[in-house]
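Engineer: This is the content of structure-v1.cif (mmCIF, C-alpha atoms):
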```
data_target
loop_
_atom_site.label_atom_id
_atom_site.label_comp_id
_atom_site.auth_asym_id
_atom_site.auth_seq_id
_atom_site.Cartn_x
_atom_site.Cartn_y
_atom_site.Cartn_z
CA MET A 27 0.00 0.00 0.00
CA HIS A 28 1.19 3.46 -0.78
CA ASP A 29 1.31 5.83 2.14
CA LYS A 30 -1.12 8.22 0.50
CA CYS A 31 -3.99 5.73 0.19
CA PRO A 32 -4.34 3.88 3.51
CA HIS A 33 -8.08 3.34 3.13
CA ASP A 34 -7.99 0.88 0.27
CA ASP A 35 -7.46 -2.18 2.45
CA GLY A 36 -10.03 -1.19 5.06
CA THR A 37 -7.58 0.40 7.48
CA MET A 38 -8.33 3.74 9.12
CA ARG A 39 -6.20 6.42 10.71
CA PRO A 40 -6.64 7.40 14.38
CA GLY A 41 -9.71 9.62 14.71
CA GLU A 42 -11.47 8.22 11.66
CA VAL A 43 -15.01 6.88 11.99
CA ALA A 44 -17.00 4.75 9.53
CA VAL A 45 -20.77 4.33 9.30
CA ALA A 46 -22.72 1.41 7.85
CA LEU A 47 -23.71 2.02 4.24
CA PRO A 48 -27.43 1.79 3.39
CA GLU A 49 -28.57 -1.56 2.02
CA ARG A 50 -29.75 -0.13 -1.28
CA PHE A 51 -29.14 2.76 -3.61
CA ASP A 52 -31.68 5.54 -4.16
CA ALA A 53 -30.74 6.42 -7.75
CA GLY A 54 -28.45 5.24 -10.55
CA LEU A 55 -25.71 6.85 -12.63
CA TYR A 56 -24.54 6.33 -16.19
CA PHE A 57 -20.85 6.63 -16.96
CA ILE A 58 -20.85 8.86 -20.06
CA GLY A 59 -17.14 8.84 -20.80
CA ARG A 60 -13.67 8.66 -19.29
CA ILE A 61 -11.09 11.15 -18.08
CA ARG A 62 -7.56 10.80 -19.44
CA THR A 63 -4.73 11.94 -17.19
CA PRO A 64 -1.05 11.05 -16.76
CA TRP A 65 -1.78 9.73 -13.25
CA ALA A 66 -1.77 5.92 -13.15
CA SER A 67 -2.49 5.59 -9.42
CA ARG A 68 -4.10 7.66 -6.71
CA ALA A 69 -0.70 8.24 -5.17
CA ASP A 70 0.39 10.00 -8.37
CA CYS A 71 -2.56 12.40 -8.44
CA PRO A 72 -1.83 16.05 -7.63
CA LYS A 73 -3.36 17.48 -4.46
CA ASN A 74 -3.65 20.99 -5.89
CA VAL A 75 -4.20 21.16 -9.63
CA ARG A 76 -3.64 24.93 -9.61
CA GLU A 77 0.03 24.20 -8.99
CA ARG A 78 0.25 21.95 -12.06
CA ASP A 79 0.11 22.74 -15.76
CA VAL A 80 -0.52 19.37 -17.39
CA ARG A 81 -3.01 18.97 -20.21
CA CYS A 82 -5.62 16.28 -19.65
CA ALA A 83 -8.46 15.01 -21.85
CA ILE A 84 -12.09 14.01 -21.55
CA GLU A 85 -13.45 11.33 -23.88
CA ILE A 86 -17.24 11.27 -24.26
CA ASP A 87 -18.86 7.98 -25.19
CA PRO A 88 -20.18 8.32 -28.77
CA HIS A 89 -23.68 7.52 -27.49
CA TRP A 90 -23.78 10.96 -25.80
CA SER A 91 -21.50 13.02 -28.03
CA ALA A 92 -24.29 14.95 -29.80
CA GLY A 93 -24.65 16.74 -26.48
CA LEU A 94 -21.33 18.52 -27.12
CA LYS A 95 -22.95 20.98 -29.54
CA ASP A 96 -21.86 24.56 -28.61
CA VAL A 97 -19.57 23.37 -25.82
CA GLU A 98 -16.62 24.67 -27.85
CA THR A 99 -17.83 28.22 -27.15
CA CYS A 100 -17.15 27.77 -23.42
CA SER A 101 -13.82 28.74 -21.88
CA HIS A 102 -14.30 26.71 -18.69
CA LEU A 103 -16.31 23.62 -17.83
CA LEU A 104 -17.59 22.23 -14.57
CA VAL A 105 -16.67 18.54 -14.71
CA LEU A 106 -18.41 15.96 -12.51
CA TYR A 107 -16.67 12.59 -12.25
CA TRP A 108 -16.91 9.43 -10.22
CA MET A 109 -14.11 8.60 -7.79
CA HIS A 110 -14.52 4.89 -8.38
CA LEU A 111 -11.59 3.83 -6.18
CA ALA A 112 -12.77 5.60 -3.04
CA ARG A 113 -14.53 3.93 -0.14
CA ARG A 114 -17.78 5.63 0.90
CA ASP A 115 -18.27 5.06 4.62
CA LEU A 116 -15.75 7.35 6.37
CA ILE A 117 -17.89 10.04 7.97
CA LEU A 118 -14.99 11.44 10.00
CA GLN A 119 -11.57 11.57 8.38
CA ALA A 120 -8.06 12.54 9.37
CA PRO A 121 -6.27 13.49 6.15
CA ARG A 122 -2.55 12.90 6.48
CA HIS A 123 -1.59 16.43 5.40
CA TYR A 124 -3.82 18.03 8.05
CA GLY A 125 -3.55 15.43 10.80
CA THR A 126 -6.84 16.49 12.38
CA GLN A 127 -10.22 14.74 12.47
CA ARG A 128 -12.82 16.52 10.34
CA GLY A 129 -16.28 15.78 8.99
CA VAL A 130 -16.42 14.49 5.42
CA PHE A 131 -18.60 17.44 4.38
CA ALA A 132 -15.90 19.88 5.49
CA LEU A 133 -13.35 18.14 3.23
CA ARG A 134 -12.84 17.79 -0.54
CA SER A 135 -11.64 14.20 0.02
CA PRO A 136 -12.68 11.69 -2.68
CA VAL A 137 -13.80 9.41 0.16
CA ARG A 138 -17.49 10.35 0.76
CA PRO A 139 -20.98 8.79 0.70
CA ASN A 140 -21.40 9.73 -2.97
CA PRO A 141 -17.86 10.01 -4.38
CA ILE A 142 -18.66 12.67 -6.99
CA ALA A 143 -15.78 15.03 -7.70
CA ALA A 144 -16.44 18.52 -9.09
CA SER A 145 -13.73 20.56 -10.82
CA VAL A 146 -13.76 23.65 -12.98
CA VAL A 147 -11.31 23.19 -15.82
CA ARG A 148 -10.12 25.25 -18.78
CA LEU A 149 -11.27 23.98 -22.20
CA PHE A 150 -8.60 24.20 -24.92
CA GLY A 151 -10.41 22.49 -27.75
CA ILE A 152 -12.64 19.67 -28.96
CA THR A 153 -11.80 17.09 -31.64
CA GLY A 154 -14.62 14.66 -32.26
CA ASN A 155 -15.51 13.09 -28.92
CA ARG A 156 -12.33 14.28 -27.21
CA LEU A 157 -11.99 17.47 -25.19
CA GLU A 158 -8.54 18.83 -24.44
CA VAL A 159 -8.64 20.44 -21.00
CA GLY A 160 -6.45 21.71 -18.18
CA THR A 161 -5.20 19.71 -15.24
CA LEU A 162 -7.55 17.29 -13.48
CA ASP A 163 -6.69 15.49 -10.24
CA CYS A 164 -7.94 11.96 -10.89
CA VAL A 165 -6.43 8.70 -12.14
CA ASP A 166 -6.44 7.87 -15.83
CA GLY A 167 -9.71 6.21 -16.82
CA THR A 168 -11.88 7.84 -14.15
CA PRO A 169 -15.58 7.67 -15.17
CA LEU A 170 -17.19 10.90 -16.36
CA LEU A 171 -20.65 11.85 -15.06
CA ASP A 172 -21.38 15.29 -16.49
CA LEU A 173 -20.08 18.43 -18.16
CA LYS A 174 -21.64 21.84 -17.60
CA PRO A 175 -20.69 25.31 -18.81
CA SER A 176 -19.05 27.32 -16.03
CA PHE A 177 -20.83 30.67 -15.77
CA PRO A 178 -18.90 33.46 -14.10
CA THR A 179 -22.16 34.64 -12.55
CA THR A 180 -23.01 31.37 -10.83
CA ASP A 181 -20.03 29.25 -9.85
CA PRO A 182 -17.42 31.67 -8.60
CA VAL A 183 -17.38 32.99 -5.07
CA PRO A 184 -13.96 34.61 -4.73
CA GLU A 185 -14.67 35.70 -1.17
CA ALA A 186 -15.40 32.17 0.06
CA VAL A 187 -13.74 31.28 3.37
CA VAL A 188 -12.98 27.79 4.70
CA GLY A 189 -12.29 28.67 8.30
CA TRP A 190 -10.60 25.46 9.38
CA HIS A 191 -8.14 25.65 6.52
CA ALA A 192 -5.34 27.95 7.56
CA ALA A 193 -4.37 28.94 4.02
CA SER A 194 -7.80 30.33 3.31
CA ARG A 195 -8.05 32.48 6.43
CA PRO A 196 -7.88 36.23 5.84
CA ALA A 197 -4.60 37.79 6.96
CA ARG A 198 -4.82 39.63 10.28
CA MET B 5 -48.94 20.92 -17.71
CA HIS B 6 -47.23 24.16 -16.91
CA ASP B 7 -45.64 25.95 -19.83
CA LYS B 8 -42.21 25.87 -18.20
CA CYS B 9 -41.98 22.07 -17.97
CA PRO B 10 -43.02 20.60 -21.31
CA HIS B 11 -40.84 17.51 -20.94
CA ASP B 12 -42.68 15.83 -18.12
CA ASP B 13 -45.25 14.15 -20.35
CA GLY B 14 -42.73 13.05 -22.96
CA THR B 15 -43.28 15.94 -25.35
CA MET B 16 -40.34 17.74 -26.92
CA ARG B 17 -39.85 21.17 -28.47
CA PRO B 18 -38.82 21.58 -32.11
CA GLY B 19 -35.09 20.89 -32.44
CA GLU B 20 -34.92 18.61 -29.41
CA VAL B 21 -33.44 15.14 -29.78
CA ALA B 22 -33.61 12.19 -27.39
CA VAL B 23 -31.31 9.17 -27.19
CA ALA B 24 -32.07 5.73 -25.80
CA LEU B 25 -30.98 5.36 -22.19
CA PRO B 26 -28.57 2.51 -21.36
CA GLU B 27 -30.21 -0.65 -20.05
CA ARG B 28 -28.38 -0.57 -16.75
CA PHE B 29 -26.73 1.84 -14.35
CA ASP B 30 -22.98 1.92 -13.77
CA ALA B 31 -23.03 3.15 -10.16
CA GLY B 32 -25.47 3.93 -7.37
CA LEU B 33 -26.23 6.99 -5.25
CA TYR B 34 -27.43 7.42 -1.69
CA PHE B 35 -29.76 10.29 -0.89
CA ILE B 36 -28.18 11.77 2.24
CA GLY B 37 -30.78 14.44 3.00
CA ARG B 38 -33.31 16.84 1.52
CA ILE B 39 -33.28 20.44 0.38
CA ARG B 40 -35.98 22.72 1.76
CA THR B 41 -37.09 25.59 -0.46
CA PRO B 42 -40.27 27.64 -0.88
CA TRP B 43 -40.71 26.25 -4.41
CA ALA B 44 -43.46 23.61 -4.58
CA SER B 45 -43.18 22.92 -8.31
CA ARG B 46 -40.54 23.24 -11.01
CA ALA B 47 -42.48 26.12 -12.52
CA ASP B 48 -41.99 28.08 -9.29
CA CYS B 49 -38.20 27.61 -9.19
CA PRO B 50 -36.08 30.68 -9.94
CA LYS B 51 -33.97 30.63 -13.09
CA ASN B 52 -31.24 32.80 -11.62
CA VAL B 53 -30.76 32.47 -7.89
CA ARG B 54 -28.44 35.49 -7.83
CA GLU B 55 -31.52 37.64 -8.44
CA ARG B 56 -33.30 36.20 -5.41
CA ASP B 57 -32.66 36.58 -1.71
CA VAL B 58 -34.65 33.77 -0.15
CA ARG B 59 -33.25 31.66 2.68
CA CYS B 60 -33.37 27.91 2.04
CA ALA B 61 -32.34 24.95 4.20
CA ILE B 62 -30.55 21.65 3.87
CA GLU B 63 -31.54 18.78 6.16
CA ILE B 64 -28.98 15.98 6.51
CA ASP B 65 -30.24 12.52 7.37
CA PRO B 66 -29.09 11.75 10.96
CA HIS B 67 -27.25 8.70 9.62
CA TRP B 68 -24.68 11.03 8.01
CA SER B 69 -24.78 14.05 10.28
CA ALA B 70 -21.48 13.36 12.05
CA GLY B 71 -19.92 14.39 8.75
CA LEU B 72 -20.94 18.01 9.45
CA LYS B 73 -18.05 18.50 11.91
CA ASP B 74 -16.22 21.77 11.05
CA VAL B 75 -18.64 22.65 8.25
CA GLU B 76 -19.77 25.65 10.31
CA THR B 77 -16.36 27.25 9.66
CA CYS B 78 -17.12 27.47 5.91
CA SER B 79 -18.72 30.58 4.44
CA HIS B 80 -19.83 28.89 1.20
CA LEU B 81 -20.66 25.30 0.29
CA LEU B 82 -20.76 23.48 -3.01
CA VAL B 83 -24.06 21.58 -2.92
CA LEU B 84 -24.69 18.58 -5.18
CA TYR B 85 -28.32 17.51 -5.48
CA TRP B 86 -30.43 15.17 -7.57
CA MET B 87 -32.95 16.66 -10.00
CA HIS B 88 -35.34 13.78 -9.46
CA LEU B 89 -38.14 15.20 -11.63
CA ALA B 90 -36.00 15.63 -14.76
CA ARG B 91 -35.98 13.24 -17.71
CA ARG B 92 -32.50 12.09 -18.75
CA ASP B 93 -32.54 11.40 -22.47
CA LEU B 94 -32.62 14.84 -24.17
CA ILE B 95 -29.18 15.18 -25.74
CA LEU B 96 -30.18 18.28 -27.73
CA GLN B 97 -32.46 20.80 -26.07
CA ALA B 98 -34.18 24.03 -27.03
CA PRO B 99 -34.76 25.94 -23.79
CA ARG B 100 -37.75 28.23 -24.10
CA HIS B 101 -35.88 31.35 -22.96
CA TYR B 102 -33.15 30.89 -25.59
CA GLY B 103 -35.19 29.34 -28.41
CA THR B 104 -32.13 27.70 -29.98
CA GLN B 105 -31.08 24.06 -30.10
CA ARG B 106 -27.99 23.37 -27.98
CA GLY B 107 -26.16 20.34 -26.65
CA VAL B 108 -27.02 19.28 -23.12
CA PHE B 109 -23.39 19.72 -22.03
CA ALA B 110 -23.49 23.40 -23.10
CA LEU B 111 -26.51 23.98 -20.83
CA ARG B 112 -27.14 24.05 -17.08
CA SER B 113 -30.56 22.44 -17.69
CA PRO B 114 -31.67 19.91 -15.03
CA VAL B 115 -32.52 17.56 -17.92
CA ARG B 116 -29.30 15.57 -18.54
CA PRO B 117 -28.00 11.97 -18.51
CA ASN B 118 -27.06 12.26 -14.83
CA PRO B 119 -29.30 14.98 -13.39
CA ILE B 120 -26.86 16.20 -10.75
CA ALA B 121 -27.16 19.91 -9.98
CA ALA B 122 -24.20 21.82 -8.55
CA SER B 123 -24.61 25.16 -6.78
CA VAL B 124 -22.38 27.24 -4.56
CA VAL B 125 -24.43 28.66 -1.70
CA ARG B 126 -23.78 30.89 1.30
CA LEU B 127 -23.92 29.13 4.68
CA PHE B 128 -25.62 31.16 7.42
CA GLY B 129 -25.64 28.63 10.22
CA ILE B 130 -26.14 25.05 11.36
CA THR B 131 -28.59 23.83 14.00
CA GLY B 132 -28.40 20.11 14.59
CA ASN B 133 -28.89 18.42 11.21
CA ARG B 134 -30.24 21.55 9.53
CA LEU B 135 -28.14 24.05 7.56
CA GLU B 136 -29.55 27.50 6.86
CA VAL B 137 -28.28 28.60 3.45
CA GLY B 138 -28.87 31.10 0.67
CA THR B 139 -31.15 30.66 -2.29
CA LEU B 140 -31.26 27.32 -4.11
CA ASP B 141 -33.14 26.74 -7.37
CA CYS B 142 -34.83 23.38 -6.79
CA VAL B 143 -38.23 22.21 -5.58
CA ASP B 144 -38.85 21.56 -1.90
CA GLY B 145 -37.79 18.03 -0.96
CA THR B 146 -35.09 17.64 -3.62
CA PRO B 147 -32.67 14.83 -2.64
CA LEU B 148 -29.22 15.89 -1.39
CA LEU B 149 -26.13 14.07 -2.70
CA ASP B 150 -23.15 15.89 -1.23
CA LEU B 151 -21.80 18.99 0.50
CA LYS B 152 -18.26 20.23 -0.01
CA PRO B 153 -16.42 23.30 1.26
CA SER B 154 -16.09 25.91 -1.48
CA PHE B 155 -12.45 26.95 -1.68
CA PRO B 156 -11.74 30.31 -3.28
CA THR B 157 -8.63 28.80 -4.85
CA THR B 158 -10.37 25.93 -6.62
CA ASP B 159 -13.97 26.62 -7.62
CA PRO B 160 -13.99 30.21 -8.79
CA VAL B 161 -13.07 31.22 -12.31
CA PRO B 162 -14.28 34.82 -12.60
CA GLU B 163 -12.99 35.11 -16.15
CA ALA B 164 -15.03 32.16 -17.46
CA VAL B 165 -16.79 32.82 -20.77
CA VAL B 166 -19.83 30.96 -22.15
CA GLY B 167 -19.65 32.14 -25.73
CA TRP B 168 -23.14 31.16 -26.86
CA HIS B 169 -24.69 33.00 -23.98
CA ALA B 170 -24.98 36.65 -24.93
CA ALA B 171 -24.96 37.96 -21.38
CA SER B 172 -21.59 36.41 -20.66
CA ARG B 173 -19.81 37.81 -23.70
CA PRO B 174 -17.27 40.54 -23.01
CA ALA B 175 -18.44 44.00 -24.11
CA ARG B 176 -16.94 45.20 -27.40
#
```
Would you write out, as structure tokens, the structure that this file holds?
Structural biologist:
Amino acid sequence: MHDKCPHDDGTMRPGEVAVALPERFDAGLYFIGRIRTPWASRADCPKNVRERDVRCAIEIDPHWSAGLKDVETCSHLLVLYWMHLARRDLILQAPRHYGTQRGVFALRSPVRPNPIAASVVRLFGITGNRLEVGTLDCVDGTPLLDLKPSFPTTDPVPEAVVGWHAASRPAR
Amino acid sequence: MHDKCPHDDGTMRPGEVAVALPERFDAGLYFIGRIRTPWASRADCPKNVRERDVRCAIEIDPHWSAGLKDVETCSHLLVLYWMHLARRDLILQAPRHYGTQRGVFALRSPVRPNPIAASVVRLFGITGNRLEVGTLDCVDGTPLLDLKPSFPTTDPVPEAVVGWHAASRPAR
């Protein structure tokens, strides 16, 4: 096991708490494509994509590709993807780089009840079913769930504060 | 049928195209709570929440509520929710307010292969399992999928352009 992914074999760090998962699902998802990145394992994935400048790609399954009409006019896309390698039951987590127990809903960890990742990414171009985009943080082959245009009037909240995260606290 | 929701009975507008849905799902979702809004039907829901100033609420199922630890330190949350009333097969759509056929992935329409909505919302406070938040655009009782802290360094892209959308084009 790589140090960065201790959860894969069922182990937990001190302070972590798991809950039982419900016996059945409430809704179903279709995988509509795959994300292509240089990262072969979770340990390779960057923690902060803003520090990287690596082109990635999104391949839409041909079944859905008619839905790409007009997407080329968008500079940035909101990408939803499925963190298929992540366990789903850790309600309290102690990420190694913080070392403190926090609730899953206060973290951007891929480990969560519904492991849907959301990233805004720059769109460089579209060729057929393949979108060339900026850096994404997931392993190569990660299932794609959705693409949406990123509107500057809806997604961005530049003044957002995450109080527990030291780096985001306003200077005093 | 209300004029705003012509898809519910299987009708389509001129220029709209549907695809067959896959026979099976690739992954399953848990509904982890409900969103409480004043909107009883889809026709009542606001198109642009930035123009509204109505407090809404998010109720987390007690099974998952331990995951709220430290969420109260966040000023804004990224909310993922399930547009349970939306059909999923319209790959090309002609929204009434635009009147032009566009691909589903160029639209923020709730009608999409995986009807997951994503909104950044202001957090005003948490009492027990209930979060008081800013305006959300969905009907009362909409299933909740996930909450994530909104980091100013990851979500916001103030310079994002959606070329087909006149209002987002830079002035010339």
Engineer: Quick check on the file I pasted: which residues fall under the PyMOL selection byres ((chain A and resi 137) around 9)? Write them as a list in words.
Structural biologist: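 That expression, the PyMOL selection byres ((chain A and resi 137) around 9), corresponds here to His33, Met109, Leu111, Ala112, Arg113, Arg114, Asp115, Leu116, Ile117, Gln119, Val130, Arg134, Ser135, Pro136, Arg138, Pro139, Asn140 and Pro141 of chain A.
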Engineer: Determine the residue set returned by the PyMOL selection byres ((chain B and resi 16-19) around 8) for the present structure, and present it as a ChimeraX atom specification.
Structural biologist: /B:10-11,14-15,20-21,96-98,104-105
Engineer: Which residues are close to Val75 in chain A, i.e. within 9 Å by all atoms listed in the file, leaving aside same-chain residues fewer than 6 positions away? Reply as JSON, numbers by chain.
Structural biologist: {"A": [160, 161, 162, 163], "B": [158]}
Engineer: May I have the residues from that selection written out with C-alpha atoms, as a PDB file, in the frame of the given file?
Structural biologist:
```pdb
ATOM      1  CA  GLY A 160      -6.450  21.710 -18.180  1.00  0.00           C
ATOM      2  CA  THR A 161      -5.200  19.710 -15.240  1.00  0.00           C
ATOM      3  CA  LEU A 162      -7.550  17.290 -13.480  1.00  0.00           C
ATOM      4  CA  ASP A 163      -6.690  15.490 -10.240  1.00  0.00           C
TER       5      ASP A 163
ATOM      6  CA  THR B 158     -10.370  25.930  -6.620  1.00  0.00           C
TER       7      THR B 158
END
```
Engineer: To one decimal in Å, tell me the separation between CA of Val23 in chain B and CA of Arg60 in chain A.
Structural biologist: 19.3 Å
Engineer: Kindly resolve the PyMOL selection byres ((chain A and resi 108) around 8) on the present coordinates and return the residues as a VMD selection string.
Structural biologist: chain A and resid 106 to 107 109 to 110 141 to 143 168 to 171
